[in-house]
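Trainee: My structure is stored as work11.txt, with compact mmCIF, C-alpha atoms.
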```
# COMPACT_ATOMS: atom_id res chain seq x y z
CA MET A 903 17.93 -10.48 12.46
CA SER A 904 14.48 -11.98 13.10
CA PHE A 905 11.36 -10.16 14.19
CA PHE A 906 8.20 -11.57 15.69
CA ILE A 907 4.56 -10.80 16.23
CA ARG A 908 4.64 -10.63 20.02
CA ALA A 909 1.02 -9.74 20.78
CA VAL A 910 -2.17 -8.96 18.90
CA ALA A 911 -5.44 -7.30 19.90
CA MET A 912 -8.41 -5.45 18.51
CA GLU A 913 -8.51 -3.03 21.42
CA ALA A 914 -6.03 -1.20 23.64
CA SER A 915 -6.89 -2.61 27.04
CA THR A 916 -5.23 -6.03 26.85
CA LEU A 917 -2.36 -5.52 24.45
CA ARG A 918 0.37 -4.50 26.90
CA GLU A 919 -0.46 -7.35 29.25
CA ARG A 920 -0.38 -9.84 26.38
CA SER A 921 2.96 -8.48 25.20
CA GLY A 922 4.65 -9.02 28.56
CA ILE A 923 6.51 -5.72 28.15
CA ASP A 924 6.87 -3.90 31.46
CA ALA A 925 5.02 -0.63 31.96
CA GLY A 926 8.11 1.58 31.85
CA GLU A 927 9.36 0.19 28.56
CA TRP A 928 5.86 0.15 27.12
CA ARG A 929 5.55 3.91 27.52
CA THR A 930 8.60 4.44 25.29
CA LEU A 931 7.29 2.37 22.37
CA PRO A 932 6.98 3.98 18.94
CA CYS A 933 3.55 3.86 17.34
CA ILE A 934 3.18 3.45 13.58
CA VAL A 935 -0.35 3.84 12.23
CA GLY A 936 -1.77 2.83 8.86
CA SER A 937 -5.15 4.05 7.62
CA SER A 938 -6.79 4.95 4.34
CA SER A 939 -9.07 7.61 5.78
CA HIS A 940 -7.43 8.70 9.07
CA GLY A 941 -9.78 11.16 10.80
CA VAL A 942 -11.94 12.31 7.89
CA GLY A 943 -15.10 10.83 9.41
CA ARG A 944 -14.88 13.25 12.30
CA VAL A 945 -15.44 16.32 10.15
CA GLU A 946 -17.37 15.13 7.11
CA ASN A 947 -20.71 16.37 8.45
CA ASP A 948 -19.34 19.84 9.18
CA ALA A 949 -20.47 22.66 6.89
CA GLU A 950 -16.88 23.84 6.58
CA PRO A 951 -14.76 20.88 7.63
CA ARG A 952 -11.42 21.59 9.26
CA LEU A 953 -9.19 18.81 8.01
CA ALA A 954 -6.69 18.17 10.74
CA PRO A 955 -3.25 16.81 9.81
CA PRO A 956 -3.63 13.00 9.86
CA ILE A 957 -0.74 12.65 12.32
CA GLU A 958 -3.05 14.11 14.99
CA LEU A 959 -5.27 11.00 14.96
CA ALA A 960 -2.18 8.78 15.08
CA ARG A 961 -0.94 10.69 18.13
CA GLU A 962 -4.32 10.29 19.83
CA LEU A 963 -4.26 6.56 19.16
CA ALA A 964 -0.76 6.29 20.59
CA GLN A 965 -1.94 8.07 23.73
CA GLY A 966 -4.91 5.71 23.91
CA PHE A 967 -2.51 2.78 23.95
CA GLY A 968 -0.40 4.49 26.61
CA VAL A 969 2.74 4.89 24.50
CA SER A 970 4.65 8.12 24.08
CA GLY A 971 7.50 7.22 21.74
CA PRO A 972 7.79 8.51 18.17
CA VAL A 973 4.58 8.50 16.12
CA LEU A 974 4.50 7.91 12.36
CA ALA A 975 1.50 7.40 10.10
CA THR A 976 1.17 6.07 6.61
CA SER A 977 -1.45 5.50 3.96
CA SER A 978 -1.59 2.96 1.16
CA ALA A 979 -5.34 2.26 1.08
CA CYS A 980 -6.16 -1.37 1.91
CA THR A 981 -2.53 -2.29 2.60
CA SER A 982 -1.95 0.67 4.98
CA GLY A 983 -1.68 -1.54 8.06
CA PHE A 984 1.00 -3.68 6.45
CA SER A 985 2.78 -0.58 5.16
CA ALA A 986 2.96 0.45 8.83
CA LEU A 987 4.31 -3.00 9.68
CA GLN A 988 6.93 -2.72 6.93
CA LEU A 989 8.06 0.69 8.24
CA ALA A 990 8.36 -0.80 11.72
CA LEU A 991 10.45 -3.69 10.41
CA ASP A 992 12.70 -1.34 8.41
CA LEU A 993 13.34 0.91 11.41
CA MET A 994 13.85 -2.01 13.80
CA GLN A 995 16.28 -3.56 11.32
CA ALA A 996 18.13 -0.24 11.33
CA GLY A 997 18.31 -0.39 15.12
CA ALA A 998 15.98 2.56 15.75
CA PHE A 999 14.01 0.64 18.38
CA GLY A 1000 13.53 -2.84 19.82
CA HIS A 1001 9.75 -3.10 19.87
CA ALA A 1002 7.05 -1.30 17.93
CA LEU A 1003 3.33 -0.82 18.26
CA VAL A 1004 1.73 -1.14 14.82
CA LEU A 1005 -1.89 -0.10 14.30
CA GLY A 1006 -4.24 -0.46 11.38
CA VAL A 1007 -7.33 1.67 11.76
CA GLU A 1008 -10.40 2.50 9.75
CA LEU A 1009 -12.92 4.68 11.55
CA PRO A 1010 -16.55 5.06 10.45
CA ASN A 1011 -16.99 7.57 7.63
CA ARG A 1012 -19.39 8.17 4.78
CA LEU A 1013 -16.71 9.36 2.36
CA THR A 1014 -15.12 5.94 1.97
CA ALA A 1015 -18.47 4.20 1.60
CA ALA A 1016 -19.58 6.69 -1.06
CA GLY A 1017 -16.21 6.45 -2.78
CA PHE A 1018 -16.37 2.70 -3.12
CA ALA A 1019 -20.00 2.96 -4.21
CA SER A 1020 -18.92 5.39 -6.95
CA LEU A 1021 -16.41 2.83 -8.19
CA GLY A 1022 -19.07 0.13 -8.34
CA LEU A 1023 -16.85 -2.46 -6.64
CA GLY A 1024 -19.70 -3.84 -4.53
CA LEU A 1025 -17.61 -4.39 -1.42
CA LYS A 1026 -19.05 -4.98 2.04
CA LEU A 1027 -17.01 -2.47 4.03
CA GLY A 1028 -16.18 -2.66 7.72
CA THR A 1029 -14.49 -0.51 10.32
CA ALA A 1030 -11.85 -1.87 12.67
CA LEU A 1031 -8.79 -1.32 14.78
CA GLY A 1032 -6.06 -3.93 14.73
CA ALA A 1033 -3.00 -3.70 16.96
CA LEU A 1034 0.27 -5.63 16.88
CA VAL A 1035 3.39 -5.54 18.96
CA VAL A 1036 6.43 -6.36 16.84
CA SER A 1037 9.51 -7.41 18.74
CA GLY A 1038 12.70 -9.42 18.77
CA GLU A 1039 10.80 -12.29 20.37
CA GLY A 1040 7.28 -13.63 20.27
CA ALA A 1041 5.03 -16.48 19.28
CA TRP A 1042 5.09 -15.94 15.51
CA ARG A 1043 8.28 -15.21 13.57
CA ILE A 1044 7.94 -12.93 10.56
CA ALA A 1045 9.70 -15.13 8.01
CA ALA A 1046 9.06 -12.68 5.15
CA LEU A 1047 6.96 -9.70 4.12
CA ALA A 1048 6.98 -9.54 0.34
CA TRP A 1049 5.48 -6.78 -1.81
CA GLN A 1050 4.59 -6.44 -5.46
CA THR A 1051 2.93 -3.52 -7.19
CA ASP A 1052 1.11 -3.49 -10.48
CA PRO A 1053 1.22 0.19 -11.47
CA ALA A 1054 -1.13 -0.35 -14.40
CA SER A 1055 -3.95 -1.42 -12.08
CA LEU A 1056 -4.87 1.37 -9.69
CA THR A 1057 -7.97 -0.26 -8.23
CA GLY A 1058 -7.06 -3.94 -8.09
CA VAL A 1059 -4.35 -6.56 -8.38
CA ALA A 1060 -3.83 -8.96 -11.28
CA ALA A 1061 -3.21 -12.68 -10.76
CA ALA A 1062 0.38 -12.35 -11.97
CA THR A 1063 1.11 -9.71 -9.31
CA MET A 1064 -0.43 -11.87 -6.58
CA LYS A 1065 1.55 -14.88 -7.71
CA ALA A 1066 4.82 -12.93 -7.81
CA ALA A 1067 4.29 -11.69 -4.24
CA MET A 1068 3.48 -15.16 -2.92
CA GLN A 1069 6.47 -16.69 -4.71
CA ASP A 1070 8.72 -13.94 -3.34
CA ALA A 1071 7.43 -14.55 0.19
CA LEU A 1072 8.08 -18.29 -0.15
CA SER A 1073 11.57 -17.63 -1.50
CA ARG A 1074 12.51 -15.10 1.21
CA ALA A 1075 11.18 -17.41 3.90
CA GLY A 1076 13.06 -20.37 2.43
CA TRP A 1077 9.88 -22.42 2.20
CA ARG A 1078 8.57 -24.78 -0.45
CA PRO A 1079 4.86 -24.53 -1.28
CA ALA A 1080 4.30 -27.85 0.50
CA ASP A 1081 5.56 -26.27 3.75
CA VAL A 1082 2.56 -23.95 3.94
CA ASP A 1083 -0.22 -25.10 6.28
CA LEU A 1084 -2.66 -22.23 5.81
CA VAL A 1085 -3.25 -19.36 3.38
CA LYS A 1086 -5.21 -16.37 4.64
CA LEU A 1087 -6.86 -15.16 1.45
CA GLN A 1088 -7.34 -11.55 0.50
CA ALA A 1089 -10.93 -12.41 -0.37
CA GLU A 1090 -13.08 -15.51 -0.32
CA ASP A 1091 -14.44 -15.10 -3.82
CA ASP A 1092 -11.56 -13.67 -5.87
CA PRO A 1093 -11.09 -15.81 -9.02
CA ALA A 1094 -7.56 -14.43 -9.58
CA GLU A 1095 -6.44 -15.46 -6.10
CA GLN A 1096 -8.04 -18.89 -6.47
CA GLN A 1097 -6.19 -19.31 -9.77
CA VAL A 1098 -2.88 -18.46 -8.11
CA ILE A 1099 -3.50 -20.92 -5.27
CA THR A 1100 -4.18 -23.65 -7.84
CA GLU A 1101 -1.03 -22.80 -9.80
CA LEU A 1102 1.31 -22.57 -6.80
CA PHE A 1103 0.16 -25.44 -4.61
CA SER A 1104 -0.55 -29.10 -5.24
CA PRO A 1105 -2.48 -30.06 -3.24
CA ALA A 1106 -3.86 -26.72 -2.10
CA PRO A 1107 -3.34 -25.93 1.59
CA SER A 1108 -6.18 -24.97 3.88
CA CYS A 1109 -7.46 -21.50 3.07
CA ILE A 1110 -9.35 -19.03 5.18
CA SER A 1111 -10.93 -15.64 4.46
CA LEU A 1112 -11.84 -13.24 7.24
CA LYS A 1113 -13.72 -10.68 5.16
CA SER A 1114 -17.01 -12.48 5.84
CA THR A 1115 -16.43 -11.81 9.56
CA LEU A 1116 -14.98 -8.31 9.51
CA GLY A 1117 -15.96 -6.98 6.09
CA HIS A 1118 -13.38 -5.10 4.00
CA THR A 1119 -11.75 -3.00 6.70
CA LEU A 1120 -9.39 -1.29 4.23
CA GLY A 1121 -6.39 0.25 5.98
CA ALA A 1122 -7.12 -1.71 9.14
CA SER A 1123 -7.44 -5.05 7.42
CA GLY A 1124 -3.87 -6.34 7.80
CA PRO A 1125 -3.49 -5.84 11.56
CA ALA A 1126 -7.19 -6.49 12.27
CA GLU A 1127 -7.25 -9.79 10.36
CA LEU A 1128 -3.93 -10.78 11.94
CA ALA A 1129 -5.38 -10.04 15.37
CA LEU A 1130 -8.43 -12.14 14.58
CA LEU A 1131 -6.36 -14.98 13.12
CA LEU A 1132 -3.65 -15.14 15.80
CA GLY A 1133 -5.81 -14.07 18.72
CA GLU A 1134 -6.68 -17.69 19.42
CA PRO A 1135 -4.46 -20.77 19.49
CA ARG A 1136 -3.88 -22.15 16.00
CA PRO A 1137 -2.80 -25.62 14.93
CA GLU A 1138 -0.84 -24.44 11.90
CA ARG A 1139 2.92 -23.93 11.90
CA ARG A 1140 3.39 -21.92 8.71
CA ILE A 1141 0.93 -19.34 7.37
CA LEU A 1142 0.88 -17.17 4.26
CA PHE A 1143 -1.22 -14.05 4.71
CA ASN A 1144 -2.35 -12.20 1.56
CA LEU A 1145 -3.37 -8.57 1.48
CA SER A 1146 -3.99 -6.40 -1.57
CA GLY A 1147 -5.64 -3.17 -2.54
CA PHE A 1148 -5.80 0.17 -4.30
CA GLY A 1149 -2.65 1.20 -6.10
CA GLY A 1150 -2.07 -2.34 -7.33
CA HIS A 1151 -0.31 -3.21 -4.07
CA MET A 1152 -0.03 -6.85 -3.04
CA ALA A 1153 1.58 -7.92 0.24
CA CYS A 1154 2.26 -11.48 1.33
CA LEU A 1155 3.32 -12.08 4.94
CA ALA A 1156 4.95 -15.41 5.82
CA LEU A 1157 4.52 -16.33 9.48
CA GLU A 1158 6.14 -19.25 11.26
CA ARG A 1159 5.34 -20.45 14.74
CA ALA A 1160 8.37 -19.77 16.91
CA ALA A 1161 10.20 -22.82 18.23
CA MET B 1466 15.28 20.41 -5.84
CA GLU B 1467 12.50 22.64 -4.64
CA LEU B 1468 9.54 23.47 -6.87
CA ARG B 1469 7.14 26.22 -5.86
CA ILE B 1470 4.22 26.37 -8.24
CA ALA B 1471 1.37 28.87 -8.19
CA PRO B 1472 -1.97 27.05 -8.15
CA THR B 1473 -2.95 28.74 -11.40
CA GLU B 1474 0.17 27.37 -13.13
CA LEU B 1475 -0.06 23.75 -12.02
CA ARG B 1476 -2.21 22.47 -14.87
CA GLY B 1477 0.09 23.96 -17.50
CA ARG B 1478 3.23 22.60 -15.84
CA VAL B 1479 1.71 19.12 -15.62
CA HIS B 1480 0.60 19.19 -19.24
CA ALA B 1481 4.01 20.40 -20.41
CA ARG B 1482 5.77 17.50 -18.67
CA PHE B 1483 3.23 14.66 -18.88
CA GLY B 1484 0.76 15.62 -21.60
CA ASP B 1485 -2.72 14.30 -20.79
CA ARG B 1486 -1.49 11.32 -18.79
CA LEU B 1487 -2.12 12.89 -15.38
CA ARG B 1488 -5.29 14.69 -16.39
CA ARG B 1489 -7.41 12.75 -13.89
CA ALA B 1490 -4.84 12.59 -11.11
CA GLY B 1491 -5.38 15.02 -8.27
CA SER B 1492 -3.07 17.93 -7.59
CA PHE B 1493 -1.22 16.05 -4.86
CA ALA B 1494 -0.17 13.28 -7.24
CA GLN B 1495 0.63 15.84 -9.94
CA LEU B 1496 2.88 17.79 -7.57
CA THR B 1497 4.57 14.60 -6.40
CA LEU B 1498 5.34 13.47 -9.94
CA LEU B 1499 6.48 16.90 -11.15
CA GLY B 1500 8.93 17.34 -8.29
CA ALA B 1501 10.20 13.78 -8.05
CA ALA B 1502 10.66 13.47 -11.82
CA ALA B 1503 12.56 16.79 -12.00
CA CYS B 1504 14.85 15.72 -9.17
CA LEU B 1505 15.52 12.32 -10.70
CA GLU B 1506 16.19 13.74 -14.14
CA ALA B 1507 18.62 16.32 -12.77
CA ALA B 1508 20.86 13.63 -11.29
CA PRO B 1509 22.85 11.14 -13.33
CA GLY B 1510 22.64 7.51 -12.32
CA SER B 1511 20.72 4.31 -12.62
CA GLY B 1512 19.63 1.39 -10.53
CA ALA B 1513 16.85 0.27 -8.21
CA LEU B 1514 14.86 3.28 -7.07
CA GLY B 1515 12.75 3.93 -3.97
CA LEU B 1516 10.25 6.75 -3.42
CA LEU B 1517 9.75 8.03 0.10
CA TRP B 1518 7.83 11.19 0.81
CA THR B 1519 5.88 13.09 3.40
CA SER B 1520 3.27 15.79 3.74
CA SER B 1521 1.56 17.42 6.69
CA ARG B 1522 -1.93 17.11 5.22
CA GLY B 1523 -1.60 14.80 2.21
CA ALA B 1524 -4.15 15.13 -0.58
CA PHE B 1525 -5.94 17.91 1.23
CA LEU B 1526 -7.52 19.60 -1.80
CA ALA B 1527 -9.01 16.38 -3.20
CA THR B 1528 -10.35 15.46 0.23
CA ARG B 1529 -11.97 18.87 0.56
CA SER B 1530 -13.50 18.50 -2.92
CA ALA B 1531 -14.68 14.98 -2.11
CA LEU B 1532 -16.39 16.18 1.07
CA ALA B 1533 -18.11 18.96 -0.92
CA GLU B 1534 -19.29 16.43 -3.49
CA LEU B 1535 -20.50 14.16 -0.70
CA ARG B 1536 -22.54 16.98 0.78
CA GLY B 1537 -23.93 17.63 -2.70
CA GLY B 1538 -25.06 14.03 -2.95
CA GLU B 1539 -22.71 12.62 -5.62
CA LEU B 1540 -19.07 11.76 -5.04
CA MET B 1541 -17.23 11.28 -8.32
CA PRO B 1542 -14.89 8.28 -8.57
CA TYR B 1543 -11.81 10.20 -9.67
CA THR B 1544 -12.27 12.70 -6.85
CA PHE B 1545 -12.35 9.82 -4.37
CA ILE B 1546 -9.29 8.16 -5.90
CA ALA B 1547 -7.40 11.46 -5.71
CA THR B 1548 -7.88 11.52 -1.92
CA GLN B 1549 -5.36 8.67 -1.63
CA PRO B 1550 -1.89 10.28 -1.57
CA HIS B 1551 0.08 7.06 -2.02
CA LEU B 1552 -1.38 6.57 -5.52
CA ALA B 1553 1.30 8.98 -6.73
CA ALA B 1554 3.77 6.09 -6.37
CA PRO B 1555 2.20 3.73 -8.92
CA LEU B 1556 1.65 6.71 -11.23
CA PHE B 1557 5.35 7.57 -10.89
CA ALA B 1558 6.26 3.94 -11.61
CA GLN B 1559 4.01 3.96 -14.66
CA HIS B 1560 5.03 7.29 -16.15
CA VAL B 1561 8.53 8.15 -14.87
CA HIS B 1562 10.63 5.27 -13.53
CA PRO B 1563 10.02 1.79 -12.04
CA LEU B 1564 10.12 1.58 -8.25
CA VAL B 1565 11.29 -1.24 -6.02
CA ARG B 1566 9.89 0.45 -2.91
CA SER B 1567 7.62 3.31 -1.98
CA ALA B 1568 6.13 4.74 1.19
CA PHE B 1569 4.16 7.83 2.00
CA LEU B 1570 4.41 9.14 5.57
CA TYR B 1571 2.79 11.62 7.91
CA LEU B 1572 5.31 12.79 10.50
CA GLU B 1573 5.26 14.71 13.74
CA ALA B 1574 6.98 18.11 13.83
CA GLY B 1575 10.68 17.38 14.10
CA GLY B 1576 10.23 13.84 12.78
CA GLU B 1577 11.81 14.45 9.37
CA HIS B 1578 14.85 12.40 10.39
CA TRP B 1579 12.73 9.25 10.05
CA LEU B 1580 12.78 9.78 6.28
CA ASP B 1581 16.57 9.66 6.29
CA ALA B 1582 16.61 6.63 8.61
CA LEU B 1583 14.24 4.76 6.31
CA ALA B 1584 16.15 5.79 3.18
CA ARG B 1585 19.40 4.51 4.68
CA ALA B 1586 17.66 1.23 5.56
CA TRP B 1587 16.37 0.87 2.01
CA LEU B 1588 19.82 1.67 0.58
CA ARG B 1589 21.28 -1.13 2.69
CA GLU B 1590 18.66 -3.56 1.39
CA ASP B 1591 17.30 -3.34 -2.13
CA CYS B 1592 17.60 0.26 -3.37
CA THR B 1593 20.60 1.96 -4.95
CA ARG B 1594 18.83 5.34 -4.97
CA VAL B 1595 16.00 6.80 -2.92
CA LEU B 1596 14.00 9.91 -3.79
CA LEU B 1597 13.07 11.77 -0.58
CA GLY B 1598 10.40 14.42 -0.76
CA ARG B 1599 7.96 16.74 0.92
CA VAL B 1600 4.82 17.82 -0.90
CA GLU B 1601 2.43 20.46 0.41
CA GLU B 1602 -0.58 21.66 -1.48
CA SER B 1603 -1.37 25.35 -1.30
CA ALA B 1604 -3.65 26.16 1.62
CA GLY B 1605 -4.69 29.52 0.19
CA GLY B 1606 -3.03 32.00 -2.08
CA ASP B 1607 0.47 30.69 -1.50
CA ALA B 1608 2.36 28.38 -3.83
CA HIS B 1609 2.27 24.59 -3.90
CA LEU B 1610 5.51 23.01 -2.67
CA SER B 1611 7.26 19.91 -4.00
CA ASP B 1612 10.73 19.58 -2.48
CA TRP B 1613 12.94 16.59 -3.37
CA ARG B 1614 16.43 15.20 -3.00
CA LEU B 1615 18.00 12.00 -4.26
CA LEU B 1616 20.10 9.82 -1.98
CA GLY B 1617 22.39 7.17 -3.42
CA ALA B 1618 24.34 4.30 -1.98
CA ILE B 1619 28.05 5.01 -1.64
CA SER B 1620 30.02 2.46 -3.58
CA SER B 1621 32.76 0.68 -1.65
CA SER B 1622 34.72 -0.09 -4.83
CA PRO B 1623 37.67 2.17 -5.73
```
In structure tokens, write the structure found in this file.
Mentor:
Amino acid sequence: MSFFIRAVAMEASTLRERSGIDAGEWRTLPCIVGSSSHGVGRVENDAEPRLAPPIELARELAQGFGVSGPVLATSSACTSGFSALQLALDLMQAGAFGHALVLGVELPNRLTAAGFASLGLGLKLGTALGALVVSGEGAWRIAALAWQTDPASLTGVAAATMKAAMQDALSRAGWRPADVDLVKLQAEDDPAEQQVITELFSPAPSCISLKSTLGHTLGASGPAELALLLGEPRPERRILFNLSGFGGHMACLALERAA
Amino acid sequence: MELRIAPTELRGRVHARFGDRLRRAGSFAQLTLLGAAACLEAAPGSGALGLLWTSSRGAFLATRSALAELRGGELMPYTFIATQPHLAAPLFAQHVHPLVRSAFLYLEAGGEHWLDALARAWLREDCTRVLLGRVEESAGGDAHLSDWRLLGAISSSP
């Protein structure tokens, strides 16, 4: 069974129209939300913050998109948005639903900024909302979504883990390295990722990083960067999309333009 | 397997099972590992393992501590790291058993059946066993909760 990215957006207003799903069916869509901070920014200035269950923000987002199907939320730091995508794919594969709204969201908050400052990682952080409609048809077929985790590295991903994820994505998609037209990098200036590109590809395909445009948008970064990348017509046919983060998680999404 | 642990007993229980290895992990990760490890060790079997768990509020205590530190002007790195509930999965993989899949979920009331649906999907794909859990940190004087069960694929061979 194949699944596709049917529509992308960085706001709610245009997504349904782009998806071509009629209003009645749209309202029944499930909404799966990934975020590293959920709604913490809303209460962090309160003297005695009331920490609402994170599912409440996910439900509000679903309402904002006009869907009233089941709502699930997940968290895996910078890969949260792709964890949400993976849950959608698993449940669609199981026949739970035919389309899914997948959101990656990172709202403004001081806690995350201070947390990353405390770790001394020197990242330029951003906030974003990225929205995808995953479906049985669409412009971009999900040829593979491969994951690797390096449990010994809680705050980063080693080159070997990145390479294993990219090789797994190529294998699951049935592609050779020479089939890849574009690699969306996790980061523009990551020596480990550059090393893996050099080892896997000869010659190297075109590479693009979107962090200089959006910043590190953490849990939103997968869907938000996908929305930015696929929101305009692209000449490439096959794309590898890297995403990594806290917990040693590395995801590699293989996308193929639908025939 | 359901563990209910008084907040005052958590540190001792974690030390008895894991020594100093989880000293810097927050209570949410500690509860996740204690419960999931006990469930896994109580059931015979082997094979590719998935970890799938839920909580209504996640790493609530670490988040509350992190916000207090933020108001005080200095957020400590390990407090921040402990706010991320999913980090229990790599810690479990490092200290208890390798994982081929993991996911941490927040669910609506009545949405617990999604855990079973996902576990069945994983069992059809690349897992032979899936640990399913619910972890709730104590909100006051009550006990912490770490409630787990292990699902396995049914073999079709005689």
Trainee: Which residues are close to stretch 1114-1129 of chain A, i.e. within 10 Å by all atoms listed in the file, leaving aside same-chain residues fewer than 3 positions away? Reply as a short mmCIF file (atom, residue, chain, number, x, y, z; two decimals) with C-alpha atoms, in the coordinates of the input.
Mentor:
```cif
data_model
loop_
_atom_site.label_atom_id
_atom_site.label_comp_id
_atom_site.auth_asym_id
_atom_site.auth_seq_id
_atom_site.Cartn_x
_atom_site.Cartn_y
_atom_site.Cartn_z
CA ILE A 907 4.56 -10.80 16.23
CA ALA A 909 1.02 -9.74 20.78
CA VAL A 910 -2.17 -8.96 18.90
CA ALA A 911 -5.44 -7.30 19.90
CA MET A 912 -8.41 -5.45 18.51
CA GLU A 913 -8.51 -3.03 21.42
CA VAL A 935 -0.35 3.84 12.23
CA GLY A 936 -1.77 2.83 8.86
CA SER A 937 -5.15 4.05 7.62
CA SER A 938 -6.79 4.95 4.34
CA SER A 939 -9.07 7.61 5.78
CA HIS A 940 -7.43 8.70 9.07
CA THR A 976 1.17 6.07 6.61
CA SER A 977 -1.45 5.50 3.96
CA SER A 978 -1.59 2.96 1.16
CA ALA A 979 -5.34 2.26 1.08
CA CYS A 980 -6.16 -1.37 1.91
CA THR A 981 -2.53 -2.29 2.60
CA SER A 982 -1.95 0.67 4.98
CA GLY A 983 -1.68 -1.54 8.06
CA PHE A 984 1.00 -3.68 6.45
CA SER A 985 2.78 -0.58 5.16
CA ALA A 986 2.96 0.45 8.83
CA LEU A 987 4.31 -3.00 9.68
CA VAL A 1004 1.73 -1.14 14.82
CA LEU A 1005 -1.89 -0.10 14.30
CA GLY A 1006 -4.24 -0.46 11.38
CA VAL A 1007 -7.33 1.67 11.76
CA GLU A 1008 -10.40 2.50 9.75
CA LEU A 1009 -12.92 4.68 11.55
CA THR A 1014 -15.12 5.94 1.97
CA LEU A 1025 -17.61 -4.39 -1.42
CA LYS A 1026 -19.05 -4.98 2.04
CA LEU A 1027 -17.01 -2.47 4.03
CA GLY A 1028 -16.18 -2.66 7.72
CA THR A 1029 -14.49 -0.51 10.32
CA ALA A 1030 -11.85 -1.87 12.67
CA LEU A 1031 -8.79 -1.32 14.78
CA GLY A 1032 -6.06 -3.93 14.73
CA ALA A 1033 -3.00 -3.70 16.96
CA LEU A 1034 0.27 -5.63 16.88
CA LYS A 1086 -5.21 -16.37 4.64
CA GLN A 1088 -7.34 -11.55 0.50
CA ALA A 1089 -10.93 -12.41 -0.37
CA GLU A 1090 -13.08 -15.51 -0.32
CA SER A 1111 -10.93 -15.64 4.46
CA LEU A 1132 -3.65 -15.14 15.80
CA GLY A 1133 -5.81 -14.07 18.72
CA GLU A 1134 -6.68 -17.69 19.42
CA PHE A 1143 -1.22 -14.05 4.71
CA ASN A 1144 -2.35 -12.20 1.56
CA LEU A 1145 -3.37 -8.57 1.48
CA SER A 1146 -3.99 -6.40 -1.57
CA GLY A 1147 -5.64 -3.17 -2.54
CA PHE A 1148 -5.80 0.17 -4.30
CA ALA A 1153 1.58 -7.92 0.24
CA LEU A 1155 3.32 -12.08 4.94
#
```
Trainee: Can you pull out the residues contacting B:Leu1526? Cut-off 12 Å, using all atoms listed in the file, and skip same-chain residues under 4 positions away; I want them as a compact mmCIF listing (two decimals) with C-alpha atoms, keeping the file's coordinate frame.
Mentor:
```
# COMPACT_ATOMS: atom_id res chain seq x y z
CA PRO A 951 -14.76 20.88 7.63
CA ARG A 952 -11.42 21.59 9.26
CA LEU A 953 -9.19 18.81 8.01
CA PRO B 1472 -1.97 27.05 -8.15
CA ALA B 1490 -4.84 12.59 -11.11
CA GLY B 1491 -5.38 15.02 -8.27
CA SER B 1492 -3.07 17.93 -7.59
CA PHE B 1493 -1.22 16.05 -4.86
CA ALA B 1494 -0.17 13.28 -7.24
CA ARG B 1522 -1.93 17.11 5.22
CA SER B 1530 -13.50 18.50 -2.92
CA ALA B 1531 -14.68 14.98 -2.11
CA LEU B 1532 -16.39 16.18 1.07
CA ALA B 1533 -18.11 18.96 -0.92
CA THR B 1544 -12.27 12.70 -6.85
CA PHE B 1545 -12.35 9.82 -4.37
CA ALA B 1547 -7.40 11.46 -5.71
CA THR B 1548 -7.88 11.52 -1.92
CA GLN B 1549 -5.36 8.67 -1.63
CA PRO B 1550 -1.89 10.28 -1.57
CA GLU B 1601 2.43 20.46 0.41
CA GLU B 1602 -0.58 21.66 -1.48
CA SER B 1603 -1.37 25.35 -1.30
CA ALA B 1604 -3.65 26.16 1.62
CA GLY B 1605 -4.69 29.52 0.19
CA HIS B 1609 2.27 24.59 -3.90
```
Trainee: Could you please tell me, as a list in words, which residues of chain B have an atom within 7 Å of chain A when using all atoms listed in the file?
Mentor: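 Here is what falls inside 7 Å: Ser1521, Arg1522, Leu1532, Leu1535, Leu1540, Met1541, Pro1542, Phe1545, Gln1549, His1551, Leu1552, Pro1555, Leu1556, Ala1558, Gln1559, Phe1569, Leu1570, Tyr1571, Leu1572, Glu1573, Leu1583 and Ala1586 of chain B.
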Trainee: In Å to one decimal, how far is atom CA of B:Gly1617 from atom CA of B:Val1595?
Mentor: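 A separation of 6.4 Å between them.
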Trainee: By how many Å are atom CA of B:Leu1517 and atom CA of B:Arg1599 apart?
Mentor: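 Rounded to one decimal, the two atoms are 8.9 Å apart.
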Trainee: Using all atoms listed in the file, determine which residues lie at most 8 Å from B:Leu1616, disregarding the query and same-chain residues fewer than 5 positions distant; provide the list as a list of chain:residue names.
Mentor: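 Counting all atoms listed in the file, the residues come to B:Ala1584, B:Arg1594, B:Val1595, B:Leu1596, B:Leu1597.
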Trainee: May I have the residues within 8 Å of A:Leu1142 as number ranges by chain, using only C-alpha atoms and disregarding those fewer than 5 positions away in the same chain?
Mentor: A: 1068, 1082, 1084-1086, 1154-1157
Trainee: I'd like the neighbourhood of A:Glu1158 as a list of chain:residue names, where a residue qualifies if any of its atoms comes within 10 Å (using all atoms listed in the file), though same-chain residues fewer than 3 positions away should be ignored.
Mentor: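 Answer for this query is A:Phe906, A:Ile907, A:Ala1041, A:Trp1042, A:Arg1043, A:Ile1044, A:Ala1045, A:Ala1046, A:Ala1075, A:Val1082, A:Asp1083, A:Glu1138, A:Arg1139, A:Arg1140, A:Ile1141, A:Leu1142, A:Leu1155, A:Ala1161.
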Trainee: So which one's closest to A:Leu917, A:Val1059, A:Arg1078, A:Ser1104, A:Val1036? Using all atoms listed in the file, please.
Mentor: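 Going through A:Val1059, A:Arg1078, A:Ser1104, A:Val1036 one by one, the smallest distance to A:Leu917 is for A:Val1036.
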Trainee: Quick one: pull the distance between atom CA of B:Arg1469 and atom CA of B:Ala1608, Å, one decimal.
Mentor: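 Spanning atom CA of B:Arg1469 to atom CA of B:Ala1608 is a straight-line distance of 5.6 Å.
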